[in-house]
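Colleague: Below is a structure I'd like to ask you about.
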Amino acid sequence: MNIKAFLETASGGVNLVQGLALARLAAAVDAGDIVEIGSYKGKSAVALGYGIRQAGRSGKTRLFCIDPHSPFIGVLGGKFGPIDRRDFYLNMIETGTYEEAALINLPSRDIALAWKSPIGLLFIDGDHSYPAVRDDFFRWLPHVIDGGIVALDDSTTAQLGPNRLVAELAERGFTPIEQVEKISVFRKLPDMPQQPLAPVWRSVLVVAERNIVAGGLLRFLRLHRAMQNFGIQVSFAFDDLGGPWKPQDCEVLPMEAAMSRQWDATILPGAGFSESFLDGLERFCTPTQGIRVQAVLNDRTKYERFLRANKVFRPHSVIFNSSDWTPGSYSHFQGDRFAVVEGAVDCAQFAPAIAKCAARNGDFVVGLQSKYVTALAGIAPRLAPTVRFRVMRADLPEQLPQGLADLVHAKRLEFVGHVAEVDLPAFYHGCDCILHLESFAGWANIVAEAMACGIPVVCSAAGTAAIAEHGVTALVVSPEDPAAAAAAIAAVQTDPDAAIARASIARSRILGFGWEAYGSAFLAAARDDGRKHYLNAPQYGLRGKWPLVSRLEGIDPLLTFAKDADILDIGCAEGVIAKQLFAAGAKSVLGIDIDGERIATARYICAQQGKDAIFKVDSVTPWHDFVIRNAQIIRDKYNIVLYLAVHQHLDAQQRDAVLEGLIGLATRAFAIRMPDALFADLGIDARIRAADFEEHAVGGSTIGGAGKLRIYIKRKELSCAS
């Protein structure tokens with residue numbers, strides 16, 4: 001196709017210069033799809049499709065053209081309607097762009113509500129009134145990947161909405177990264193204003209082996225109740241329906257029936273299942289199950305079982321419910337993204353009693369769960385006889401250890417069995433104190449619910465780190481220290497004013513852990529944002545499993561040579577090292593990586609550096625071809641060359657030329673990371689030293705098997721430094 005001839009002769013809203021700019025922007029999309037709002041006769045769509053084709057991205061990058069093609073009069077009097085749809089189709093057929101483009105004949109604001117796919121380039125050229133263009137911008141921006149591009153057409157005419165929106169963004173500190181005549185081009189930045197992300201799921205399936213009463217299932221039942229008002233339906237499916245848990249307000253299905261449906265997401269809660277169920281998790285790895293989410297709801301003592309479930313279930317997202325799981329502690333898990341989303345509580349249902357409970361005949365009642373009831377044998381004898389214990393989730397056992405049997409006989413220990421959810425507030429209000437002594441836990445429902453009810457709490461740190469602050473919201477004790485637990489309970493009994501003061505602060509804190517907030521955080525953490533995350537760096541929007549320090553360790557000695565440096569970063573990944581180099585005074589960075597999603601993130605992280613930061617998807621092999629392809633942007637020499645975690649992945653027949661070429665480009669410093677054994681076997685040290693370099697520093701983590709970071713400095717630089 002002769003794109004220049006088409007753009008010069010075809011009827012439409014862009015000219016030759018603008019159309020070629022759109023083609024260039026489309027060709028640079030390495031992650032996410034392209035969405036055009038307002039397609040008219042398809043001229044700009046042809047330009048975008050041409051860019052996709054020229055970049056070799058046909059079949060990879062999709063182009064969606066959104067235009068209702070209904071009768072409409074524009075703000076400048078232009079008339080639009082179904083006849084434009086005819087011309088759109090003709091242009092698609094005549095240019096062959098139908099292979100790249102798909103037309104969606106609906107209003108953009110309706111489509112935005114149901115959109116699911118990450119967007120790499122958003123071109124807004126629809127209704128040019130200010131309310132409409134502003135609505136398009138803010139509705140669609142949440143779907144644009146971090147570092148993605150938003151282009152606004154007709155932004156230079158004062159009476160049009162795009163011009164007013166560009167001015168509004170400028171007032172907030174956001175200016176175009178490029179201006180092509182009437183088209184303003186923005187990069188999505190971390191603090192760019194946008195509407196909250198609309199839920200992209202409607203049907204969610206929670207799968208388990210059997211319907212038992214368990215915190216993991218109750219959590220998603222409560223999530224269902226919080227989310228159903230937003231149009232999200234949570235259903236449950238079990239291999240064995242015959243258990244005691246039969247929720248009445250949501251759908252419960254036999255597994256066979258659930259597997260015959262289409263779901264937006266499938267959630268696996270925990271790993272407390274039989275060996276055969278864990279082995280059968282692969283059945284959920286089908287497109288009909290949607291996004292697979294592994295919810296890690298329990299303690300780290302079950303690490304191996306969680307890991308086994310992870311291996312078979314192959315989740316897209318892994319969500320932990322406790323900050324006890326820190327980045328690096330789950331490095332063996334597989335997934336596209338990882339996050340910690342603390343638990344939640346219904347603060348309306350669990351609320352302080354309107355009236356005080358009936359007198360308890362001078363007794364002081366401590367409520368607890370059955371799982372740590374044996375600890376009472378060492379706690380109760382240290383307390384006054386007026387302290388009684390009320391245990392839920394268990395009936396009176398037929399046999400008890402002598403110490404507990406004596407407590408039952410003395411009517412100081414009562415087992416109340418399973419407490420229905422509707423009756424839980426009454427249980428808490430009937431207690432003077434709640435005791436939680438877990439050694440390992442994810443989220444302690446009993447503590448959260450008691451705090452919401454305004455009941456004083458004595459607890460261990462397990463599962464309560466986000467809400468239990470010793471002496472402020474609770475009394476935190478070791479679960480292995482019965483004397484400390486008894487002393488804390490006695491403190492609540494003997495100083496009720498202080499206990500109530502703590503409970504009041506706890507109630508205020510727990511209000512931030514409602515189910516709607518939990519649901520929003522859970523959905524945002526689990527959704528597909530178009531990237532596979534490696535690093536964990538929330539400040540950059542990264543939800544990976546490796547801590548940020550794993551990428552930056554060992555880089556400090558190089559920073560002293562970065563001032564005013566031009567840098568070539570091969571294997572630049574997400575650009576976090578480039579960010580550090582710029583902070584140390586680097587003049588420019590050219591980053592190369594084969595992963596388009598990482599390149600998009602690098603552009604996002606280093607966006608403030610403007611044209612001094614160039615990041616490109618490319619392969620360095622064959623080396624000669626790489627140099628020719630990048631002749632317009634690659635320099636003859638670089639002060640610093642980084643070659644990190646790339647060499648080991650290259651073809652053995654081609655990597656020698658890459659290494660020699662990169663060493664030859666470096667005038668000040670050369671940094672390399674590769675597995676230590678391969679580094680030694682290939683004699684890399686001697687080859688670098690032969691180019692007049694000396695080893696300056698070796699360090700950094702070998703996390704992930706990438707090897708140590710080795711920094712070499714030109715001998716003349718070392719002489720100047722000394």
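Identifiers in the structure tokens: chain A, B, ... in order shown; residue index from 1 per chain; ligand index from 1 in order shown.
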Mind the document's chain letters and residue numbers, and return as a ChimeraX atom specification the residues of stretch 249-356 of chain A that DSSP labels alpha helix (DSSP H).
Modeller: /A:255-259,275-279,303-313
Colleague: Any chance you can output those residues with N, CA and C atoms as a PDB file, in the first residue's frame?
Modeller:
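So the final result, stored in result19.pdb, reads:
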ATOM      1  N   MET A 255     -19.460 -29.098  40.482  1.00  0.00           N
ATOM      2  CA  MET A 255     -18.327 -28.711  39.664  1.00  0.00           C
ATOM      3  C   MET A 255     -18.579 -28.954  38.181  1.00  0.00           C
ATOM      4  N   GLU A 256     -19.249 -30.020  37.859  1.00  0.00           N
ATOM      5  CA  GLU A 256     -19.505 -30.339  36.454  1.00  0.00           C
ATOM      6  C   GLU A 256     -20.306 -29.233  35.778  1.00  0.00           C
ATOM      7  N   ALA A 257     -21.312 -28.712  36.481  1.00  0.00           N
ATOM      8  CA  ALA A 257     -22.122 -27.634  35.911  1.00  0.00           C
ATOM      9  C   ALA A 257     -21.296 -26.360  35.747  1.00  0.00           C
ATOM     10  N   ALA A 258     -20.446 -26.063  36.727  1.00  0.00           N
ATOM     11  CA  ALA A 258     -19.627 -24.857  36.652  1.00  0.00           C
ATOM     12  C   ALA A 258     -18.641 -24.930  35.490  1.00  0.00           C
ATOM     13  N   MET A 259     -18.105 -26.130  35.245  1.00  0.00           N
ATOM     14  CA  MET A 259     -17.111 -26.275  34.189  1.00  0.00           C
ATOM     15  C   MET A 259     -17.719 -26.128  32.803  1.00  0.00           C
ATOM     16  N   GLU A 275      -4.966 -34.608  48.148  1.00  0.00           N
ATOM     17  CA  GLU A 275      -3.952 -34.749  47.112  1.00  0.00           C
ATOM     18  C   GLU A 275      -4.598 -34.877  45.737  1.00  0.00           C
ATOM     19  N   SER A 276      -5.690 -35.610  45.650  1.00  0.00           N
ATOM     20  CA  SER A 276      -6.337 -35.812  44.350  1.00  0.00           C
ATOM     21  C   SER A 276      -6.922 -34.509  43.815  1.00  0.00           C
ATOM     22  N   PHE A 277      -7.459 -33.653  44.704  1.00  0.00           N
ATOM     23  CA  PHE A 277      -8.006 -32.376  44.247  1.00  0.00           C
ATOM     24  C   PHE A 277      -6.888 -31.477  43.740  1.00  0.00           C
ATOM     25  N   LEU A 278      -5.765 -31.435  44.469  1.00  0.00           N
ATOM     26  CA  LEU A 278      -4.632 -30.629  44.023  1.00  0.00           C
ATOM     27  C   LEU A 278      -4.116 -31.117  42.673  1.00  0.00           C
ATOM     28  N   ASP A 279      -4.054 -32.432  42.505  1.00  0.00           N
ATOM     29  CA  ASP A 279      -3.580 -32.980  41.235  1.00  0.00           C
ATOM     30  C   ASP A 279      -4.514 -32.631  40.088  1.00  0.00           C
ATOM     31  N   TYR A 303       3.603 -23.623  52.994  1.00  0.00           N
ATOM     32  CA  TYR A 303       4.255 -23.111  51.789  1.00  0.00           C
ATOM     33  C   TYR A 303       4.291 -24.154  50.679  1.00  0.00           C
ATOM     34  N   GLU A 304       4.693 -25.367  50.999  1.00  0.00           N
ATOM     35  CA  GLU A 304       4.840 -26.396  49.976  1.00  0.00           C
ATOM     36  C   GLU A 304       3.509 -26.739  49.326  1.00  0.00           C
ATOM     37  N   ARG A 305       2.433 -26.739  50.110  1.00  0.00           N
ATOM     38  CA  ARG A 305       1.121 -27.037  49.533  1.00  0.00           C
ATOM     39  C   ARG A 305       0.658 -25.888  48.633  1.00  0.00           C
ATOM     40  N   PHE A 306       0.898 -24.662  49.064  1.00  0.00           N
ATOM     41  CA  PHE A 306       0.566 -23.522  48.209  1.00  0.00           C
ATOM     42  C   PHE A 306       1.365 -23.589  46.906  1.00  0.00           C
ATOM     43  N   LEU A 307       2.625 -23.982  47.028  1.00  0.00           N
ATOM     44  CA  LEU A 307       3.489 -24.053  45.862  1.00  0.00           C
ATOM     45  C   LEU A 307       3.017 -25.151  44.909  1.00  0.00           C
ATOM     46  N   ARG A 308       2.568 -26.243  45.477  1.00  0.00           N
ATOM     47  CA  ARG A 308       2.061 -27.336  44.643  1.00  0.00           C
ATOM     48  C   ARG A 308       0.800 -26.908  43.901  1.00  0.00           C
ATOM     49  N   ALA A 309      -0.102 -26.237  44.624  1.00  0.00           N
ATOM     50  CA  ALA A 309      -1.311 -25.729  43.981  1.00  0.00           C
ATOM     51  C   ALA A 309      -0.953 -24.734  42.892  1.00  0.00           C
ATOM     52  N   ASN A 310       0.045 -23.903  43.158  1.00  0.00           N
ATOM     53  CA  ASN A 310       0.478 -22.906  42.186  1.00  0.00           C
ATOM     54  C   ASN A 310       0.987 -23.565  40.909  1.00  0.00           C
ATOM     55  N   LYS A 311       1.735 -24.630  41.057  1.00  0.00           N
ATOM     56  CA  LYS A 311       2.331 -25.303  39.908  1.00  0.00           C
ATOM     57  C   LYS A 311       1.270 -25.918  39.010  1.00  0.00           C
ATOM     58  N   VAL A 312       0.228 -26.494  39.590  1.00  0.00           N
ATOM     59  CA  VAL A 312      -0.793 -27.183  38.798  1.00  0.00           C
ATOM     60  C   VAL A 312      -1.861 -26.210  38.299  1.00  0.00           C
ATOM     61  N   PHE A 313      -2.260 -25.267  39.132  1.00  0.00           N
ATOM     62  CA  PHE A 313      -3.321 -24.318  38.796  1.00  0.00           C
ATOM     63  C   PHE A 313      -2.845 -23.263  37.799  1.00  0.00           C
TER      64      PHE A 313
END
Colleague: Mind checking which residues fall within 8 Å of A:Leu558, counting only C-alpha atoms, ignoring those fewer than 4 positions away in the same chain, and posting them as number ranges by chain?
Modeller: A: 562, 669, 711
Colleague: Suppose we keep N, CA, C and O atoms; can you now write the selection as an mmCIF file, in the first residue's frame?
Modeller:
data_model
loop_
_atom_site.group_PDB
_atom_site.id
_atom_site.type_symbol
_atom_site.label_atom_id
_atom_site.label_comp_id
_atom_site.auth_asym_id
_atom_site.auth_seq_id
_atom_site.Cartn_x
_atom_site.Cartn_y
_atom_site.Cartn_z
ATOM 1 N N ALA A 562 28.556 7.979 36.414
ATOM 2 C CA ALA A 562 27.400 8.247 35.572
ATOM 3 C C ALA A 562 27.217 9.709 35.198
ATOM 4 O O ALA A 562 26.496 10.012 34.240
ATOM 5 N N ALA A 669 32.994 2.720 31.188
ATOM 6 C CA ALA A 669 32.659 1.582 32.056
ATOM 7 C C ALA A 669 31.864 0.558 31.275
ATOM 8 O O ALA A 669 31.112 0.887 30.340
ATOM 9 N N ILE A 711 31.455 -4.904 37.394
ATOM 10 C CA ILE A 711 31.668 -3.585 36.808
ATOM 11 C C ILE A 711 33.143 -3.436 36.460
ATOM 12 O O ILE A 711 34.022 -3.598 37.316
#
Colleague: Extract, using only C-alpha atoms, all DNA, RNA and protein residues at most 12 Å from A:Leu682, discarding same-chain residues fewer than 4 positions from it, and format them as an NGL selection string.
Modeller: :A and (647-648 or 652 or 655-656 or 659 or 674-678 or 686-688)
Colleague: Limited to C-alpha atoms, could you put the picked residues into a file as a compact mmCIF listing (two decimals), in the first residue's frame?
Modeller:
# COMPACT_ATOMS: atom_id res chain seq x y z
CA HIS A 647 24.42 -13.05 27.24
CA GLN A 648 23.30 -16.41 28.59
CA ALA A 652 25.98 -19.58 21.26
CA ARG A 655 26.80 -14.01 21.32
CA ASP A 656 30.57 -13.58 20.87
CA LEU A 659 29.97 -9.15 23.47
CA MET A 674 25.49 -13.47 33.88
CA PRO A 675 25.61 -16.80 35.75
CA ASP A 676 28.93 -17.15 37.52
CA ALA A 677 29.72 -20.61 36.13
CA LEU A 678 29.11 -19.54 32.53
CA ALA A 686 39.96 -12.08 30.17
CA ARG A 687 38.10 -10.83 27.09
CA ILE A 688 36.98 -7.67 28.87
Colleague: Which residue out of A:Ala584, A:Met451, A:Thr266, A:Pro247 has the minimum interatomic distance to A:Ala420 when only C-alpha atoms are used?
Modeller: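 Result for the nearest residue to A:Ala420: A:Pro247.
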Colleague: List as a PyMOL selection string the protein and nucleic acid residues near A:Arg222, meaning an atom at most 12 Å away when only C-alpha atoms are counted, but skip any in the same chain fewer than 4 places from it.
Modeller: chain A and resi 215-218+226-228+233-235+247+249-250+343-347+349+421+445+514-516+518-519
Colleague: Write the residues of the selection above to a file with C-alpha atoms, as a compact mmCIF listing (two decimals), in the first residue's frame.
Modeller:
# COMPACT_ATOMS: atom_id res chain seq x y z
CA GLY A 215 -12.62 -18.63 56.49
CA GLY A 216 -11.46 -18.83 52.88
CA LEU A 217 -14.99 -19.51 51.63
CA LEU A 218 -16.64 -17.02 53.98
CA ALA A 226 -20.18 -6.36 48.72
CA MET A 227 -19.71 -6.63 44.96
CA GLN A 228 -23.13 -7.72 43.73
CA GLN A 233 -21.72 -12.23 40.74
CA VAL A 234 -19.58 -14.60 42.81
CA SER A 235 -20.56 -18.27 42.51
CA PRO A 247 -25.11 -20.20 51.70
CA ASP A 249 -27.77 -15.76 49.03
CA CYS A 250 -25.47 -16.87 46.21
CA GLY A 343 -8.65 -8.94 54.77
CA ALA A 344 -11.85 -7.08 55.49
CA VAL A 345 -14.85 -6.90 57.77
CA ASP A 346 -18.45 -5.75 57.47
CA CYS A 347 -18.34 -2.75 59.77
CA GLN A 349 -22.95 -5.78 60.57
CA GLU A 421 -22.87 -15.55 60.67
CA ASN A 445 -11.45 -12.58 61.19
CA GLY A 514 -14.52 -2.61 54.59
CA TRP A 515 -15.52 -5.20 52.02
CA GLU A 516 -16.05 -2.71 49.22
CA TYR A 518 -11.22 -4.98 49.81
CA GLY A 519 -13.13 -5.93 46.67
Colleague: What is the distance between atom CA of A:Gly591 and atom CA of A:Lys616, in Å to one decimal?
Modeller: 6.3 Å
Colleague: If I take atom CA of A:Asp564 and atom CA of A:Val698, how far is one from the other in Å, to one decimal?
Modeller: 23.5 Å
Colleague: Using only C-alpha atoms, which residues sit within 9 Å of A:Asp153 once same-chain residues fewer than 5 positions away are excluded, as a list in words?
Modeller: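 Once the adjacent positions are removed, what remains is Gly13, Val14, Phe123, Ile124, Asp125, Gly126, His128, Pro162, Lys182, Ile183, Ser184 and Val185 of chain A.
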Colleague: With all heavy atoms retained, write the just-selected residues as a tab-separated table (two decimals), in the first residue's frame.
Modeller:
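Saved result, part00.tsv, follows:
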chain	number	residue	atom	x	y	z
A	13	GLY	N	-10.17	13.10	8.41
A	13	GLY	CA	-9.86	14.15	9.36
A	13	GLY	C	-8.39	14.40	9.60
A	13	GLY	O	-8.03	15.28	10.39
A	14	VAL	N	-7.48	13.64	8.94
A	14	VAL	CA	-6.05	13.86	9.13
A	14	VAL	C	-5.38	14.06	7.78
A	14	VAL	O	-5.83	13.53	6.76
A	14	VAL	CB	-5.38	12.67	9.88
A	14	VAL	CG1	-5.92	12.55	11.29
A	14	VAL	CG2	-5.56	11.36	9.12
A	123	PHE	N	-6.26	6.82	20.69
A	123	PHE	CA	-6.38	8.00	19.84
A	123	PHE	C	-7.82	8.51	19.96
A	123	PHE	O	-8.77	7.83	19.55
A	123	PHE	CB	-6.05	7.64	18.39
A	123	PHE	CG	-6.20	8.80	17.43
A	123	PHE	CD1	-5.68	10.05	17.73
A	123	PHE	CD2	-6.86	8.64	16.21
A	123	PHE	CE1	-5.81	11.12	16.85
A	123	PHE	CE2	-6.99	9.69	15.32
A	123	PHE	CZ	-6.47	10.93	15.64
A	124	ILE	N	-7.98	9.70	20.53
A	124	ILE	CA	-9.30	10.27	20.80
A	124	ILE	C	-9.62	11.32	19.73
A	124	ILE	O	-8.98	12.36	19.64
A	124	ILE	CB	-9.36	10.91	22.20
A	124	ILE	CG1	-9.07	9.84	23.27
A	124	ILE	CG2	-10.72	11.55	22.45
A	124	ILE	CD1	-9.03	10.39	24.69
A	125	ASP	N	-10.64	10.99	18.91
A	125	ASP	CA	-11.02	11.87	17.81
A	125	ASP	C	-12.53	11.76	17.58
A	125	ASP	O	-12.99	11.70	16.44
A	125	ASP	CB	-10.25	11.49	16.54
A	125	ASP	CG	-10.44	12.50	15.42
A	125	ASP	OD1	-10.81	13.65	15.71
A	125	ASP	OD2	-10.23	12.11	14.25
A	126	GLY	N	-13.31	11.73	18.68
A	126	GLY	CA	-14.75	11.58	18.57
A	126	GLY	C	-15.46	12.91	18.68
A	126	GLY	O	-15.06	13.91	18.06
A	128	HIS	N	-16.21	16.39	19.66
A	128	HIS	CA	-15.21	17.38	20.06
A	128	HIS	C	-15.74	18.39	21.07
A	128	HIS	O	-15.04	19.36	21.38
A	128	HIS	CB	-14.70	18.12	18.82
A	128	HIS	CG	-13.68	17.35	18.05
A	128	HIS	ND1	-13.50	16.00	18.21
A	128	HIS	CD2	-12.79	17.74	17.08
A	128	HIS	CE1	-12.54	15.58	17.39
A	128	HIS	NE2	-12.09	16.62	16.70
A	162	PRO	N	-11.03	19.39	22.80
A	162	PRO	CA	-9.66	18.88	23.01
A	162	PRO	C	-8.69	19.98	23.43
A	162	PRO	O	-7.81	19.74	24.27
A	162	PRO	CB	-9.29	18.30	21.65
A	162	PRO	CG	-10.59	17.90	21.04
A	162	PRO	CD	-11.57	18.94	21.49
A	182	LYS	N	-2.04	19.46	14.80
A	182	LYS	CA	-3.19	19.58	15.69
A	182	LYS	C	-3.32	18.40	16.67
A	182	LYS	O	-4.24	18.38	17.48
A	182	LYS	CB	-4.48	19.67	14.86
A	182	LYS	CG	-4.74	18.44	14.00
A	182	LYS	CD	-6.07	18.55	13.29
A	182	LYS	CE	-6.32	17.29	12.45
A	182	LYS	NZ	-7.72	17.12	12.08
A	183	ILE	N	-2.41	17.44	16.60
A	183	ILE	CA	-2.47	16.25	17.47
A	183	ILE	C	-1.52	16.43	18.65
A	183	ILE	O	-0.31	16.60	18.46
A	183	ILE	CB	-2.12	14.97	16.70
A	183	ILE	CG1	-3.10	14.74	15.55
A	183	ILE	CG2	-2.14	13.76	17.64
A	183	ILE	CD1	-2.77	13.55	14.67
A	184	SER	N	-2.05	16.36	19.87
A	184	SER	CA	-1.25	16.41	21.09
A	184	SER	C	-1.06	14.99	21.60
A	184	SER	O	-2.03	14.24	21.75
A	184	SER	CB	-1.93	17.26	22.17
A	184	SER	OG	-2.02	18.61	21.76
A	185	VAL	N	0.18	14.63	21.87
A	185	VAL	CA	0.52	13.27	22.27
A	185	VAL	C	0.99	13.27	23.73
A	185	VAL	O	1.96	13.96	24.07
A	185	VAL	CB	1.61	12.67	21.37
A	185	VAL	CG1	1.92	11.23	21.78
A	185	VAL	CG2	1.18	12.73	19.90
Colleague: Using only C-alpha atoms, which residues sit within 8 Å of stretch 67-71 of chain A once same-chain residues fewer than 5 positions away are excluded, as a ChimeraX atom specification?
Modeller: /A:37-40,79-85,103-108,126
Colleague: With only C-alpha atoms as the counted atoms, please give the residues lying no more than 8 Å from A:Val492, apart from itself and same-chain residues fewer than 4 positions off, as a PyMOL selection string.
Modeller: chain A and resi 433+456+488+496+498-499
Colleague: Grab the atom CA of A:Glu574 to atom CA of A:Arg668 distance for me, in Å with one decimal place.
Modeller: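 So the answer is 23.8 Å.
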Colleague: Compare A:Arg219, A:Arg283, A:Lys188, A:Arg292 by their minimum atom-to-atom distance to A:Pro176, counting only C-alpha atoms, and give me the closest one.
Modeller: A:Lys188
Colleague: Using DSSP assignments from the backbone, pull out every residue in stretch 466-707 of chain A that falls under strand (DSSP E or B) and give it to me as number ranges by chain.
Modeller: A: 470, 474-476, 535-537, 542-543, 546-547, 566-570, 588-593, 613-617, 638-644, 666-673, 693-699
Colleague: Pick from A:Val166, A:Ala410, A:Ile212, A:Leu160: nearest to A:Tyr130, with only C-alpha atoms counted?
Modeller: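 Checking each of A:Val166, A:Ala410, A:Ile212, A:Leu160 against A:Tyr130, counting only C-alpha atoms, the winner is A:Leu160.
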Colleague: When distances are computed from only C-alpha atoms, which of A:Ala31, A:Gln580, A:Trp115, A:Ala101 shows the smallest separation from A:Leu48?
Modeller: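 Smallest separation from A:Leu48 among the options: A:Ala101.
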Colleague: Pick out the closest residue to A:Ile614 from this set: A:Ala666, A:Val627, A:Ala578, A:Ala450. Count only C-alpha atoms.
Modeller: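 The answer is A:Ala578, which sits nearest to A:Ile614.
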Colleague: Considering only C-alpha atoms, state which residue in the set A:His143, A:Lys246, A:Arg635, A:Arg337 is at the smallest distance from A:Ile319.
Modeller: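 Nearest to A:Ile319: A:Arg337.
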